[in-house]
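Q: After the structure tokens below, expect a handful of questions from me.
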Number of protein chains: 2
Amino acid sequence: MTTEMLTALDQAGVRLTGPRRQLTELIGRRQGHFTAAELLDDAERRRLGIGRATVFRLLELLAEQSLVERLDLPDGRHAYIPCEPTHHHHLVCLNCGTSTDVGDCGIDAVTTEAARRSGFEIQQHRLELFGTCPDCQSKKRVKR
Amino acid sequence: MTTEMLTALDQAGVRLTGPRRQLTELIGRRQGHFTAAELLDDAERRRLGIGRATVFRLLELLAEQSLVERLDLPDGRHAYIPCEPTHHHHLVCLNCGTSTDVGDCGIDAVTTEAARRSGFEIQQHRLELFGTCPDCQSKKRVKR
DNA sequence: CTTCATGCAAACCCTTTGCACGTCG
DNA sequence: CGACGTGCAAAGGGTTTGCATGAAG
């Protein structure tokens, strides 16, 4: 997956530099969403000598290529999620941060209905689902 | 509508002070979403002598009472929208900023389907729709 | 070798906080 | 009067930018 990101960046004409390789590697190791600060911490903990700016600049590049998507957590923080560059939505686990992509699931019907009721011409939508993933569900059941 | 906000705040045991009255007034004048900075600008332009902090503190109060909802614009900015304190979603005009609330429109079916596919237990969702409102549609048609 | 990326630090938002003073009820 | 709200300024986070140096193709 980390390789996919690199080849996609390469094809987009982006230089595959050391810091970029290392950061995508770190992103790959993380499962689920992460904040810019977390990624930066990862890099610092490994003494990679990567600057804040580089992290933000790479995230911007990845977002341009839709290899990563910026999302807003319910608590207001910003996070990034690695994902496929096709239209989809995210299902985020509030407990462990894992996320899954979900496809359409019938949202088109919703937007159409909303358009009909309001007279708006809908161009974009953003749907984010938050809950508990299967893993965390079973762990909680055991603990209690 | 600005009165509605005030009475709702009153009922919540919040003091109806001068600055709060003036700010809700300004919110009422605005149609559609606004950012904290815009509201602050409004206040400064009218020389109301209202501080930054007061603006943020009022927005927090209004959000607690669900009289206003904080939302994330597609461009990443944070905005606030005055709204009814019931569960619903927003339809925001990308051209003029007007917004409408839309009710359910069948989103429950979508979350249920997503839950079924993923095994997640869904607790929260956020849906934001962006497009062009009827007014702006007709204006554009005339212009071009 | 030329272009582009990097690290660093400073600059910039946006938002929150501490505090002395003013105001509401 | 007493609790609460206010303005101001400063602090705090997160993100961006300017610039001299260093690496990629």
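Scheme for the structure tokens: letters A, B, ... for chains in order shown; per-chain residue numbers from 1; ligand numbers from 1 in order shown.
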Contacts of segment 76-78 of chain B at 10 Å or less, counting only C-alpha atoms (C1' of nucleotides), minus same-chain residues fewer than 5 places along, as a short mmCIF file (atom, residue, chain, number, x, y, z; two decimals) with N, CA and C atoms (P, O5', C5', C4', C3', O3' and C1' of nucleotides), in the first residue's frame?
A:
data_model
loop_
_atom_site.label_atom_id
_atom_site.label_comp_id
_atom_site.auth_asym_id
_atom_site.auth_seq_id
_atom_site.Cartn_x
_atom_site.Cartn_y
_atom_site.Cartn_z
N ARG A 70 -8.67 14.34 3.85
CA ARG A 70 -8.71 15.06 5.10
C ARG A 70 -10.12 14.98 5.63
N LEU A 71 -10.25 14.62 6.89
CA LEU A 71 -11.60 14.58 7.42
C LEU A 71 -11.66 15.23 8.78
N ASP A 72 -12.86 15.56 9.20
CA ASP A 72 -13.06 16.25 10.45
C ASP A 72 -13.67 15.31 11.45
N GLY A 76 -13.74 17.74 16.45
CA GLY A 76 -13.24 18.96 15.83
C GLY A 76 -11.83 18.89 15.28
N HIS A 78 -8.63 17.64 13.00
CA HIS A 78 -8.47 17.26 11.60
C HIS A 78 -7.64 16.01 11.55
N HIS B 33 -24.47 30.71 6.15
CA HIS B 33 -23.40 30.46 7.10
C HIS B 33 -22.45 31.63 7.23
N PHE B 34 -21.71 31.63 8.29
CA PHE B 34 -20.76 32.70 8.55
C PHE B 34 -19.65 32.12 9.40
N THR B 35 -18.50 32.72 9.30
CA THR B 35 -17.40 32.27 10.14
C THR B 35 -17.31 33.19 11.35
N ALA B 36 -16.59 32.74 12.34
CA ALA B 36 -16.42 33.55 13.54
C ALA B 36 -15.79 34.89 13.16
N ARG B 70 -21.92 23.97 13.96
CA ARG B 70 -20.63 24.23 13.35
C ARG B 70 -20.47 23.25 12.20
N LEU B 71 -20.07 23.74 11.05
CA LEU B 71 -19.87 22.80 9.96
C LEU B 71 -18.58 23.10 9.22
P DC C 14 -8.35 33.22 10.13
"O5'" DC C 14 -8.53 32.22 11.36
"C5'" DC C 14 -8.58 30.82 11.12
"C4'" DC C 14 -8.63 30.15 12.45
"C3'" DC C 14 -9.84 30.57 13.29
"O3'" DC C 14 -10.49 29.38 13.69
"C1'" DC C 14 -7.84 30.74 14.54
#
Q: Counting only C-alpha atoms (C1' of nucleotides), give me one row per residue of chain A with an atom at most 9 Å from an atom of chain C, showing the shortest contact pair and its distance in Å to one decimal, sorted by chain then residue number, as CSV.
A:
residue,atom,partner,partner_atom,distance
A:Arg15,CA,C:DC4,C1',8.2
A:Thr17,CA,C:DA5,C1',7.8
A:Pro19,CA,C:DT6,C1',8.5
A:Gly49,CA,C:DG7,C1',8.2
A:Ile50,CA,C:DG7,C1',7.2
A:Gly51,CA,C:DG7,C1',5.6
A:Arg52,CA,C:DG7,C1',8.5
A:Ala53,CA,C:DG7,C1',8.1
A:Thr54,CA,C:DT6,C1',7.0
Q: Please, could you write that set of residues out with C-alpha atoms as an mmCIF file, in the first residue's frame?
A:
data_model
loop_
_atom_site.group_PDB
_atom_site.id
_atom_site.type_symbol
_atom_site.label_atom_id
_atom_site.label_comp_id
_atom_site.auth_asym_id
_atom_site.auth_seq_id
_atom_site.Cartn_x
_atom_site.Cartn_y
_atom_site.Cartn_z
ATOM 1 C CA ARG A 15 10.031 13.407 -6.970
ATOM 2 C CA THR A 17 12.790 11.805 -2.235
ATOM 3 C CA PRO A 19 11.691 12.078 3.315
ATOM 4 C CA GLY A 49 15.207 14.575 10.989
ATOM 5 C CA ILE A 50 12.121 15.467 9.011
ATOM 6 C CA GLY A 51 10.695 18.945 9.480
ATOM 7 C CA ARG A 52 7.163 19.976 10.188
ATOM 8 C CA ALA A 53 6.843 21.713 6.846
ATOM 9 C CA THR A 54 7.754 18.592 4.918
#
Q: Do a neighbour search on Gln22 of chain B at 9 Å with only C-alpha atoms (C1' of nucleotides), toss out local chain neighbours closer than 5 positions, and write the hits as a PDB file with C-alpha atoms, in the first residue's frame.
A:
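part_25.pdb written:
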ATOM      1  CA  THR B  17     -26.639  40.919  27.965  1.00  0.00           C
ATOM      2  CA  ILE B  27     -26.367  36.656  13.095  1.00  0.00           C
ATOM      3  CA  ALA B  43     -19.303  43.800  15.083  1.00  0.00           C
ATOM      4  CA  LEU B  48     -19.900  47.798  18.944  1.00  0.00           C
TER       5      LEU B  48
END
Q: Using only C-alpha atoms, which chain A residues lie at most 6 Å away from chain B, written as a PyMOL selection string?
A: chain A and resi 105-106+110+119-134
Q: Tell me as a ChimeraX atom specification which residues belonging to chain D come within 9 Å of chain A, counting only C-alpha atoms (C1' of nucleotides).
A: /D:14-16,23-25
Q: Could you give me the residues within chain B that DSSP places in helix (DSSP H, G or I), as a VMD selection string?
A: chain B and resid 2 to 11 18 to 29 36 to 45 52 to 64 107 to 118 134 to 143
Q: Could you state the separation of atom CA of Leu6 of chain B and atom CA of Val55 of chain B in Å, given to one decimal place?
A: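 Computing the Euclidean distance for atom CA of Leu6 of chain B and atom CA of Val55 of chain B yields 15.1 Å.
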Q: From a DSSP calculation on the backbone, collect every residue of segment 20-77 of chain A in strand (DSSP E) and output the set as a list of chain:residue names.
A: A:Val68, A:Glu69, A:Arg70, A:Leu71, A:Asp72
Q: Those same residues, written as a PDB file, in the first residue's frame with N, CA and C atoms?
A:
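Writing done, so here's result-v4.pdb:
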ATOM      1  N   VAL A  68      -5.045  10.366  -0.007  1.00  0.00           N
ATOM      2  CA  VAL A  68      -5.325  10.604   1.390  1.00  0.00           C
ATOM      3  C   VAL A  68      -6.492  11.574   1.401  1.00  0.00           C
ATOM      4  N   GLU A  69      -7.335  11.460   2.420  1.00  0.00           N
ATOM      5  CA  GLU A  69      -8.428  12.409   2.492  1.00  0.00           C
ATOM      6  C   GLU A  69      -8.437  13.060   3.856  1.00  0.00           C
ATOM      7  N   ARG A  70      -8.666  14.343   3.853  1.00  0.00           N
ATOM      8  CA  ARG A  70      -8.711  15.064   5.100  1.00  0.00           C
ATOM      9  C   ARG A  70     -10.116  14.979   5.627  1.00  0.00           C
ATOM     10  N   LEU A  71     -10.251  14.615   6.888  1.00  0.00           N
ATOM     11  CA  LEU A  71     -11.600  14.581   7.424  1.00  0.00           C
ATOM     12  C   LEU A  71     -11.657  15.231   8.782  1.00  0.00           C
ATOM     13  N   ASP A  72     -12.861  15.556   9.195  1.00  0.00           N
ATOM     14  CA  ASP A  72     -13.058  16.248  10.447  1.00  0.00           C
ATOM     15  C   ASP A  72     -13.672  15.310  11.454  1.00  0.00           C
TER      16      ASP A  72
END
